[in-house]
Every structure is written in structure tokens, then in C-alpha cells.
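Raw contents of model27.cif, mmCIF, C-alpha atoms and all ligand atoms:
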```
data_input
#
loop_
_atom_site.label_atom_id
_atom_site.label_comp_id
_atom_site.auth_asym_id
_atom_site.auth_seq_id
_atom_site.Cartn_x
_atom_site.Cartn_y
_atom_site.Cartn_z
CA LYS G 1 -5.00 -10.18 0.86
CA ILE G 2 -2.03 -8.95 2.89
CA LEU G 3 0.51 -10.94 4.92
CA ILE G 4 2.66 -9.23 7.55
CA LEU G 5 5.81 -11.13 8.55
CA GLY G 6 7.11 -9.95 11.94
CA ALA G 7 3.67 -8.58 12.87
CA CYS G 8 4.46 -8.64 16.62
CA GLY G 9 7.39 -6.25 16.29
CA GLN G 10 7.44 -2.51 16.96
CA ILE G 11 6.38 -1.50 13.42
CA GLY G 12 4.52 -4.72 12.58
CA THR G 13 2.13 -4.29 15.51
CA GLU G 14 0.94 -0.88 14.35
CA LEU G 15 1.08 -1.71 10.64
CA THR G 16 -1.22 -4.70 11.26
CA THR G 17 -3.74 -2.56 13.16
CA LYS G 18 -3.71 0.17 10.52
CA LEU G 19 -3.97 -2.20 7.54
CA ARG G 20 -6.83 -4.08 9.21
CA SER G 21 -8.68 -0.80 9.72
CA ILE G 22 -8.26 -0.01 6.01
CA HIS G 23 -8.77 -3.44 4.40
CA GLY G 24 -10.83 -5.32 6.99
CA LYS G 25 -9.31 -7.62 9.59
CA ASN G 26 -9.88 -10.85 7.66
CA ASN G 27 -7.90 -9.49 4.69
CA VAL G 28 -4.76 -8.93 6.76
CA ILE G 29 -2.95 -12.05 7.98
CA ALA G 30 -0.56 -11.31 10.86
CA SER G 31 2.35 -13.66 11.45
CA ASP G 32 5.39 -13.91 13.64
CA ILE G 33 7.76 -16.53 14.99
CA ASN G 34 5.84 -16.57 18.26
CA THR G 35 2.67 -15.20 19.80
CA ARG G 36 4.26 -12.54 22.01
CA ASN G 37 1.54 -10.06 21.17
CA LEU G 38 -1.65 -11.83 22.22
CA GLU G 39 -3.88 -8.84 21.41
CA LEU G 40 -2.77 -9.10 17.79
CA VAL G 41 -3.13 -12.90 17.80
CA HIS G 42 -6.76 -12.64 18.88
CA SER G 43 -7.80 -9.62 16.81
CA GLY G 44 -7.68 -11.32 13.41
CA PRO G 45 -6.08 -14.12 11.35
CA PHE G 46 -2.69 -15.05 12.83
CA GLU G 47 -0.10 -17.64 11.75
CA ILE G 48 3.14 -18.68 13.44
CA ILE G 49 5.72 -18.38 10.64
CA ASP G 50 9.51 -18.32 10.76
CA ALA G 51 10.31 -15.81 7.99
CA LYS G 52 13.52 -17.81 7.30
CA ASN G 53 11.39 -20.81 6.29
CA PHE G 54 10.56 -20.50 2.57
CA ASN G 55 8.00 -23.32 2.51
CA ALA G 56 6.11 -21.83 5.47
CA VAL G 57 5.97 -18.39 3.85
CA ARG G 58 5.03 -19.84 0.44
CA ASP G 59 2.31 -22.13 1.86
CA CYS G 60 0.76 -19.24 3.79
CA CYS G 61 0.73 -17.04 0.67
CA ILE G 62 -0.95 -19.79 -1.35
CA ASP G 63 -3.43 -20.85 1.35
CA TYR G 64 -4.63 -17.30 2.02
CA LYS G 65 -4.26 -16.06 -1.61
CA ILE G 66 -1.86 -13.31 -0.46
CA ASP G 67 -1.02 -10.62 -3.02
CA THR G 68 0.98 -8.22 -0.81
CA VAL G 69 3.65 -9.02 1.81
CA TYR G 70 5.04 -6.56 4.37
CA LEU G 71 8.34 -8.09 5.54
CA MET G 72 8.85 -6.57 8.98
CA ALA G 73 10.85 -9.41 10.57
CA ALA G 74 14.52 -8.56 11.19
CA LEU G 75 17.31 -8.41 13.78
CA LEU G 76 18.17 -4.75 14.37
CA SER G 77 21.48 -2.91 14.76
CA ALA G 78 22.48 -3.68 18.36
CA THR G 79 21.32 -7.31 18.25
CA GLY G 80 22.99 -7.76 14.87
CA GLU G 81 26.37 -6.88 16.38
CA LYS G 82 25.90 -9.58 19.00
CA TYR G 83 24.65 -12.25 16.56
CA PRO G 84 26.03 -11.37 13.08
CA MET G 85 25.30 -14.65 11.30
CA GLU G 86 21.77 -14.88 12.71
CA ALA G 87 21.12 -11.29 11.56
CA TRP G 88 22.46 -12.07 8.05
CA ASP G 89 20.40 -15.28 7.91
CA LEU G 90 17.06 -13.75 8.97
CA ASN G 91 17.42 -10.34 7.29
CA MET G 92 18.64 -11.69 3.93
CA ASN G 93 16.90 -15.04 3.51
CA SER G 94 13.48 -13.67 4.47
CA LEU G 95 13.97 -11.02 1.75
CA PHE G 96 15.02 -13.60 -0.88
CA HIS G 97 11.95 -15.69 -0.03
CA VAL G 98 9.47 -12.88 -0.71
CA LEU G 99 11.37 -11.56 -3.75
CA ASN G 100 11.34 -15.04 -5.28
CA LEU G 101 7.64 -15.52 -4.50
CA ALA G 102 6.99 -12.25 -6.36
CA LYS G 103 9.26 -13.29 -9.24
CA ASP G 104 7.24 -16.52 -9.55
CA GLY G 105 3.96 -14.60 -9.52
CA THR G 106 2.79 -16.17 -6.24
CA ILE G 107 2.49 -12.65 -4.76
CA LYS G 108 2.26 -9.26 -6.49
CA ARG G 109 3.77 -6.59 -4.23
CA ILE G 110 6.29 -6.34 -1.38
CA PHE G 111 7.11 -3.75 1.26
CA TRP G 112 10.59 -4.15 2.72
CA PRO G 113 12.06 -1.72 5.31
CA SER G 114 15.53 -0.34 4.92
CA SER G 115 17.05 2.07 7.43
CA ILE G 116 19.35 5.03 7.99
CA ALA G 117 21.68 2.22 9.10
CA VAL G 118 22.46 1.76 5.38
CA PHE G 119 24.70 4.86 5.73
CA GLY G 120 28.15 4.78 7.35
CA PRO G 121 30.92 7.05 8.69
CA THR G 122 31.93 8.13 5.14
CA THR G 123 28.40 9.25 4.26
CA PRO G 124 27.74 13.04 4.42
CA LYS G 125 26.08 13.41 7.84
CA VAL G 126 23.92 16.49 7.31
CA ASN G 127 20.94 16.32 4.94
CA THR G 128 22.19 12.95 3.68
CA PRO G 129 21.15 12.73 0.00
CA GLN G 130 19.14 9.93 -1.65
CA HIS G 131 22.16 8.90 -3.74
CA THR G 132 25.39 8.92 -1.74
CA ILE G 133 28.21 6.84 -0.30
CA CYS G 134 26.96 3.86 1.68
CA GLU G 135 29.69 2.05 3.66
CA PRO G 136 27.75 0.77 6.69
CA THR G 137 29.79 -0.49 9.63
CA THR G 138 27.11 -2.62 11.27
CA VAL G 139 25.91 -6.08 10.27
CA TYR G 140 22.37 -4.74 10.23
CA GLY G 141 23.44 -1.85 7.95
CA ILE G 142 25.21 -4.29 5.61
CA THR G 143 22.01 -6.37 5.31
CA LYS G 144 20.09 -3.18 4.48
CA GLN G 145 22.66 -2.05 1.89
CA VAL G 146 22.71 -5.44 0.17
CA GLY G 147 18.95 -5.83 0.53
CA GLU G 148 18.44 -2.52 -1.29
CA ARG G 149 20.66 -3.72 -4.14
CA TRP G 150 18.63 -6.95 -4.45
CA CYS G 151 15.30 -5.08 -4.37
CA GLU G 152 16.42 -2.79 -7.18
CA TYR G 153 17.77 -5.79 -9.16
CA TYR G 154 14.54 -7.80 -8.81
CA HIS G 155 12.53 -4.76 -9.90
CA ASN G 156 14.68 -3.70 -12.84
CA LYS G 157 15.58 -7.18 -14.15
CA LEU G 158 12.54 -9.24 -13.10
CA GLY G 159 9.70 -6.72 -12.85
CA VAL G 160 9.04 -7.30 -9.15
CA ASP G 161 7.00 -4.53 -7.50
CA VAL G 162 9.03 -4.15 -4.29
CA ARG G 163 8.92 -0.84 -2.40
CA SER G 164 11.09 0.33 0.48
CA LEU G 165 11.75 3.15 2.96
CA ARG G 166 14.96 3.99 4.81
CA TYR G 167 13.25 4.39 8.19
CA PRO G 168 14.84 6.71 10.73
CA GLY G 169 14.62 5.69 14.39
CA ILE G 170 10.95 5.02 15.06
CA ILE G 171 9.24 6.18 18.24
CA SER G 172 5.97 4.63 19.42
CA HIS G 173 4.14 3.64 22.59
CA LYS G 174 2.11 0.56 21.60
CA ALA G 175 4.90 -2.02 21.20
CA MET G 176 8.48 -1.79 22.48
CA PRO G 177 11.30 -1.83 19.91
CA GLY G 178 13.81 -4.64 20.22
CA GLY G 179 17.57 -4.47 19.88
CA GLY G 180 17.88 -1.09 18.22
CA THR G 181 20.26 1.80 18.83
CA THR G 182 17.51 4.41 18.61
CA ASP G 183 15.51 2.58 21.29
CA TYR G 184 16.71 5.12 23.88
CA ALA G 185 14.14 7.53 22.40
CA VAL G 186 11.34 5.11 23.36
CA GLU G 187 12.71 3.94 26.71
CA ILE G 188 13.15 7.54 27.90
CA TYR G 189 9.40 8.23 27.78
CA HIS G 190 8.56 5.08 29.73
CA GLU G 191 11.16 5.94 32.40
CA ALA G 192 9.99 9.57 32.56
CA ILE G 193 6.54 8.32 33.56
CA LYS G 194 7.57 5.31 35.67
CA THR G 195 10.62 6.62 37.59
CA GLY G 196 11.22 10.24 36.56
CA HIS G 197 14.82 9.41 35.63
CA TYR G 198 16.54 7.91 32.58
CA ASN G 199 20.04 6.47 32.23
CA CYS G 200 20.75 7.14 28.54
CA PHE G 201 23.11 4.82 26.62
CA LEU G 202 23.98 7.54 24.09
CA SER G 203 25.78 10.84 24.75
CA GLU G 204 23.68 14.00 25.07
CA HIS G 205 24.91 15.45 21.75
CA THR G 206 24.10 12.41 19.55
CA GLU G 207 21.80 13.88 16.89
CA LEU G 208 19.86 11.21 14.95
CA PRO G 209 17.03 11.23 12.42
CA MET G 210 13.82 10.03 14.05
CA ILE G 211 10.13 9.68 13.16
CA PHE G 212 6.92 9.22 15.17
CA MET G 213 5.16 5.94 14.41
CA GLU G 214 2.06 7.66 13.03
CA ASP G 215 4.23 9.34 10.38
CA ALA G 216 6.16 6.12 9.65
CA ILE G 217 2.92 4.21 9.09
CA LYS G 218 1.53 7.02 6.92
CA ALA G 219 4.68 7.00 4.77
CA THR G 220 4.50 3.20 4.41
CA ILE G 221 0.85 3.18 3.33
CA ASP G 222 1.33 6.23 1.03
CA LEU G 223 4.27 4.55 -0.71
CA MET G 224 2.41 1.25 -1.13
CA GLU G 225 -0.63 3.03 -2.55
CA ALA G 226 1.36 5.29 -4.89
CA ASP G 227 1.14 4.82 -8.67
CA ALA G 228 4.06 2.57 -9.68
CA LYS G 229 4.87 4.97 -12.55
CA ALA G 230 5.60 7.72 -10.01
CA LEU G 231 8.33 5.75 -8.26
CA SER G 232 11.86 6.62 -9.39
CA ILE G 233 13.55 4.74 -6.52
CA ARG G 234 13.40 0.95 -6.24
CA SER G 235 16.31 0.53 -3.83
CA SER G 236 14.86 2.44 -0.85
CA TYR G 237 13.55 5.98 -0.32
CA ASN G 238 15.16 8.37 2.14
CA LEU G 239 12.53 9.36 4.70
CA ALA G 240 12.91 12.32 7.06
CA SER G 241 10.85 13.81 9.85
CA ILE G 242 12.60 15.20 12.97
CA SER G 243 16.25 15.09 14.07
CA PHE G 244 17.18 15.61 17.69
CA THR G 245 19.71 14.75 20.40
CA PRO G 246 18.98 12.98 23.70
CA GLU G 247 19.38 16.40 25.34
CA ASP G 248 16.73 17.92 23.02
CA LEU G 249 14.41 15.02 23.83
CA ALA G 250 14.99 15.31 27.59
CA ASN G 251 14.25 19.05 27.40
CA SER G 252 11.00 18.44 25.51
CA ILE G 253 9.97 15.96 28.24
CA LYS G 254 10.87 18.50 30.96
CA THR G 255 8.34 20.98 29.54
CA HIS G 256 5.71 18.46 30.71
CA LEU G 257 7.57 16.87 33.67
CA PRO G 258 9.85 19.56 35.15
CA ASP G 259 11.33 17.14 37.71
CA PHE G 260 12.50 14.65 35.06
CA THR G 261 16.25 13.95 35.28
CA ILE G 262 18.64 12.19 32.88
CA GLU G 263 22.19 10.87 32.99
CA TYR G 264 24.38 9.85 30.03
CA ASN G 265 26.46 6.65 30.09
CA PRO G 266 27.29 5.77 26.47
CA ASP G 267 27.73 2.06 25.77
CA PHE G 268 28.65 0.02 22.64
CA ARG G 269 25.70 1.56 20.81
CA GLN G 270 27.40 4.98 20.79
CA ALA G 271 29.76 3.81 18.03
CA ILE G 272 26.77 2.59 16.00
CA ALA G 273 24.94 5.91 16.42
CA ASP G 274 28.12 7.86 15.55
CA SER G 275 28.30 6.01 12.20
CA TRP G 276 24.83 7.23 11.16
CA PRO G 277 23.71 10.61 9.71
CA SER G 278 22.28 13.38 11.85
CA SER G 279 19.68 14.49 9.27
CA ILE G 280 18.23 13.17 6.00
CA ASP G 281 17.23 14.80 2.70
CA ASP G 282 13.95 13.17 1.61
CA SER G 283 13.19 15.53 -1.30
CA VAL G 284 12.89 12.58 -3.74
CA ALA G 285 10.10 11.02 -1.64
CA GLN G 286 8.43 14.44 -1.50
CA GLU G 287 8.61 14.77 -5.29
CA ASP G 288 7.69 11.19 -6.23
CA TRP G 289 4.78 10.46 -3.88
CA ASN G 290 4.08 13.74 -2.10
CA TRP G 291 5.55 12.70 1.26
CA SER G 292 5.42 15.10 4.21
CA ALA G 293 5.79 14.40 7.91
CA GLN G 294 3.18 15.80 10.32
CA TYR G 295 4.63 15.42 13.84
CA SER G 296 7.04 17.84 15.49
CA LEU G 297 9.16 16.82 18.50
CA GLU G 298 6.77 18.75 20.76
CA ALA G 299 3.66 17.07 19.31
CA MET G 300 5.29 13.63 19.55
CA THR G 301 6.34 14.17 23.19
CA ALA G 302 2.87 15.38 24.15
CA GLU G 303 1.26 12.29 22.55
CA MET G 304 3.81 9.83 23.96
CA LEU G 305 3.54 11.13 27.54
CA GLN G 306 -0.26 11.32 27.37
CA GLN G 307 -0.55 7.71 26.16
CA LEU G 308 2.02 6.34 28.62
CA LYS G 309 0.44 8.16 31.57
CA LEU G 310 -2.75 6.23 30.75
CA ARG G 311 -0.72 3.00 30.53
CA TYR G 312 1.11 3.35 33.82
CA LYS G 313 -1.40 5.16 36.00
C1 LIG D 401 17.88 0.42 15.10
N1 LIG D 401 15.58 1.27 15.25
O1 LIG D 401 18.15 1.20 15.98
C2 LIG D 401 16.54 0.62 14.37
C3 LIG D 401 16.73 1.49 13.17
C4 LIG D 401 17.57 3.64 12.36
C5 LIG D 401 17.62 2.69 13.44
O2 LIG D 401 17.19 0.76 12.09
O3 LIG D 401 18.62 -0.47 14.77
#
```
If you took the structure in this file and wrote it as C-alpha cells, what would it be?
Amino acid sequence: KILILGACGQIGTELTTKLRSIHGKNNVIASDINTRNLELVHSGPFEIIDAKNFNAVRDCCIDYKIDTVYLMAALLSATGEKYPMEAWDLNMNSLFHVLNLAKDGTIKRIFWPSSIAVFGPTTPKVNTPQHTICEPTTVYGITKQVGERWCEYYHNKLGVDVRSLRYPGIISHKAMPGGGTTDYAVEIYHEAIKTGHYNCFLSEHTELPMIFMEDAIKATIDLMEADAKALSIRSSYNLASISFTPEDLANSIKTHLPDFTIEYNPDFRQAIADSWPSSIDDSVAQEDWNWSAQYSLEAMTAEMLQQLKLRYK
């Protein structure tokens, strides 16, 4: 059985739905620190678990006979700058808990998300390679860099089957992201439908690696179902899809909503975005487990606007 920690979050919400459709809803236990997503709470087994609480995580894994844990609970880049010690505590201790449960044989497999935030200003920005300089300048990025080192250590030294992806900014319409720097690329679609105008907190030329949720979920499932012998990376795989600027995104929205307008007022998140790459080389993921993204910017915009029109009409 599968346990998802942080199931009410942006990725967790869709991962839970997808995994339940594959494995059956009673084989996927959703959990989060609160019940902020009532649809999820009522659509299958749900437990309130603080991912920082080892005993709570361990007891749930034993009670439900969990063999695979998706650890999706974390404080993201913008929130992590406001609450550094809370971000370190949640992001690191939740990881140690699941790694140690796997080391002890209580569970068998772990998915843990890393991020393009693991890269910093000294990392090559264009087609950032799998193996390169990582000097992250955000608390969140530091937790991802150190988390990758621990995942690789627990695999190489202790045989733990932990798998990870360096997610780009993820765009989706089902659940809002929380506290990220790439969240502008979600908010903009909601505002385009609701008000026709968006006040963007990044400058128009800020190119960032992004991915549509459908592709992010596909990559996650493909990696977790891949033959362990095929995996040459046990820190975290680079994952690429589409890179674009807020201006590119606004222009793709305007092809559907010609009256849409945008203004740019960069805030503290501009410095975070400027420390990250503009595009990613994911050739190792392509070679090891046959990764390929499906959605273009145009296809993503069409799907996002169609779904949100239904939501707000
Ligand atoms: C954030 N969405 O903005 C997350 C992600 C690549 C960015 O880690 O912090």
C-alpha cells in the first residue's frame, strides 16, 4: 500500500487521485497536517499526520502495511525565506523519518521531490546539466541540496530504494500551489479568467523551467515504476519540459483572451527566480527511464483556461 504525506498540497492532491486510479482507492492512504482538501479526505483513506512526527508516520506505515511513501510535504522557496528554521525542520526531518523507516525495512520504496531550486547563481543557467555546481541561495534550495546527498547516501550505503526528481515550476488547476516563486504561472491563469488582468511579481524577462502537472505526475509514476537497475541517479533526476518567461506566458494567454492585460512589479521573489536556471538538460532521465514531456506551452494554456473557465463560470 501507498502513503502520501502532504496529500493536500499542489502535487499531492493530483498524485493521490492518479495513484488511486491506478492502485485502487483503498490502497492509497492520503495524509496531511490538516483536512484542507475535503474532497480528498472523503474520497478514500485519510489520516491527519504531521510529517515531522516520526512516531505518527511510523505507526501509520505499520497500521496500514505501507510499502511505498511519497513525501510531498514541504515548505517551498518563498515561505522558506520567511521561516528558515521551520523549513529546515519540516523538509529535513520528514525526509530522515522515511529514509530511516526504509533502512529498518518498515517500508520498501520512497519518492522524494527535489527541485530546480537545488541550483544557484553559480550554476550554468542554460541547459543545466545533471552533474553541475549546486550552490543554492535559498533555504528551500539548501534543504533540497542536502536532501539529495542524504538520499544518495541511504541508497549507496544502506540499500534504500529512494527515487527523486528535480521538479521545475509545476502548473496545475486542481489545487493551488503554496509559497512558491513559480506560483505566478498558476495565479496568472486564474486572474486571466476572473479579472482579465494580472499583477506579476516577476519581471517579464524571467525565463524559468516549468512543467504541466500531467507531465509531472507522469514522470513521477514512470520513475517509480522503472526497473531499479536502470536508475543511474539516486540523488535526484533533472526533469525538463517547457521554459518560458512571464511575457511568453501572457502572450500565450492573449491568443485565447485578446483583452488580457498584465503588469510587472517584481518583489522579493525576483532574487530567488534570478538564482535559478532558465532551462534544464534532462538527457539522463531520457536515457535511464525513457522520459519525455508531452505538453507544449500552447497545449498547457489551452487546457488551463478551459478548465478554469468551467471553474469560474
Ligand atoms: C517553488 N514551485 O517555487 C516551487 C518549486 C521550482 C520551484 O520548487 O518554490
Write out as a Markdown table a residue-level contact list of chain G versus ligand LIG 401 (chain D) with cut-off 6 Å: for each qualifying residue the closest pair of atoms and the distance in Å to one decimal, counting only C-alpha atoms and all ligand atoms, rows sorted by chain and residue number upward.
```
| residue | atom | partner | partner_atom | distance |
| --- | --- | --- | --- | --- |
| G:Leu76 | CA | D:LIG401 | O3 | 4.3 |
| G:Ser77 | CA | D:LIG401 | O3 | 3.8 |
| G:Ser115 | CA | D:LIG401 | O2 | 4.8 |
| G:Ile116 | CA | D:LIG401 | C4 | 4.9 |
| G:Ala117 | CA | D:LIG401 | C4 | 5.4 |
| G:Pro168 | CA | D:LIG401 | C4 | 4.4 |
| G:Gly169 | CA | D:LIG401 | C4 | 4.1 |
| G:Ile170 | CA | D:LIG401 | N1 | 6.0 |
| G:Gly180 | CA | D:LIG401 | O1 | 3.2 |
| G:Thr181 | CA | D:LIG401 | O1 | 3.6 |
| G:Thr182 | CA | D:LIG401 | O1 | 4.2 |
```
Could you work out an axis-aligned bounding box for all listed atoms of range 58-62 of chain G, with 3 Å added on each of the six sides, and give its centre and edge lengths in Å to one decimal, as JSON?
```
{"center_x": 2.0, "center_y": -19.6, "center_z": 1.2, "size_x": 12.0, "size_y": 11.1, "size_z": 11.1}
```
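In this comparison, which uses all atoms listed in the file, the residue of G:Leu257, G:Pro246, G:Phe54, G:Met300 approaching Asp183 in chain G most closely is G:Pro246.
Put simply, CA of Ile242 in chain G is 16.9 Å away from CA of Val284 in chain G.
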Contact check, range 201-245 of chain G to range 259-278 of chain G, at most 7 Å, counting all atoms listed in the file, closest pairs as a Markdown table:
```
| residue | atom | partner | partner_atom | distance |
| --- | --- | --- | --- | --- |
| G:Phe201 | CA | G:Pro266 | CA | 4.3 |
| G:Leu202 | CA | G:Pro266 | CA | 4.4 |
| G:Ser203 | CA | G:Tyr264 | CA | 5.6 |
| G:Glu204 | CA | G:Tyr264 | CA | 6.5 |
| G:Glu207 | CA | G:Ser278 | CA | 5.1 |
| G:Leu208 | CA | G:Ser278 | CA | 4.5 |
| G:Pro209 | CA | G:Ser278 | CA | 5.7 |
| G:Ser243 | CA | G:Ser278 | CA | 6.6 |
```
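Those DNA, RNA and protein residues that approach the point (11.0, -4.8, -9.6) to within 10 Å, considering all atoms listed in the file, are Leu99, Ala102, Lys103, Arg109, Ile110, Trp150, Cys151, Glu152, Tyr153, Tyr154, His155, Asn156, Lys157, Leu158, Gly159, Val160, Asp161, Val162, Arg163, Arg234 and Ser235 of chain G.
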What lies within 9 Å of Ala219 in chain G using only C-alpha atoms, ignoring chain neighbours under 4 positions off, as a ChimeraX atom specification?
/G:165,214-215,223-224,239,291-293
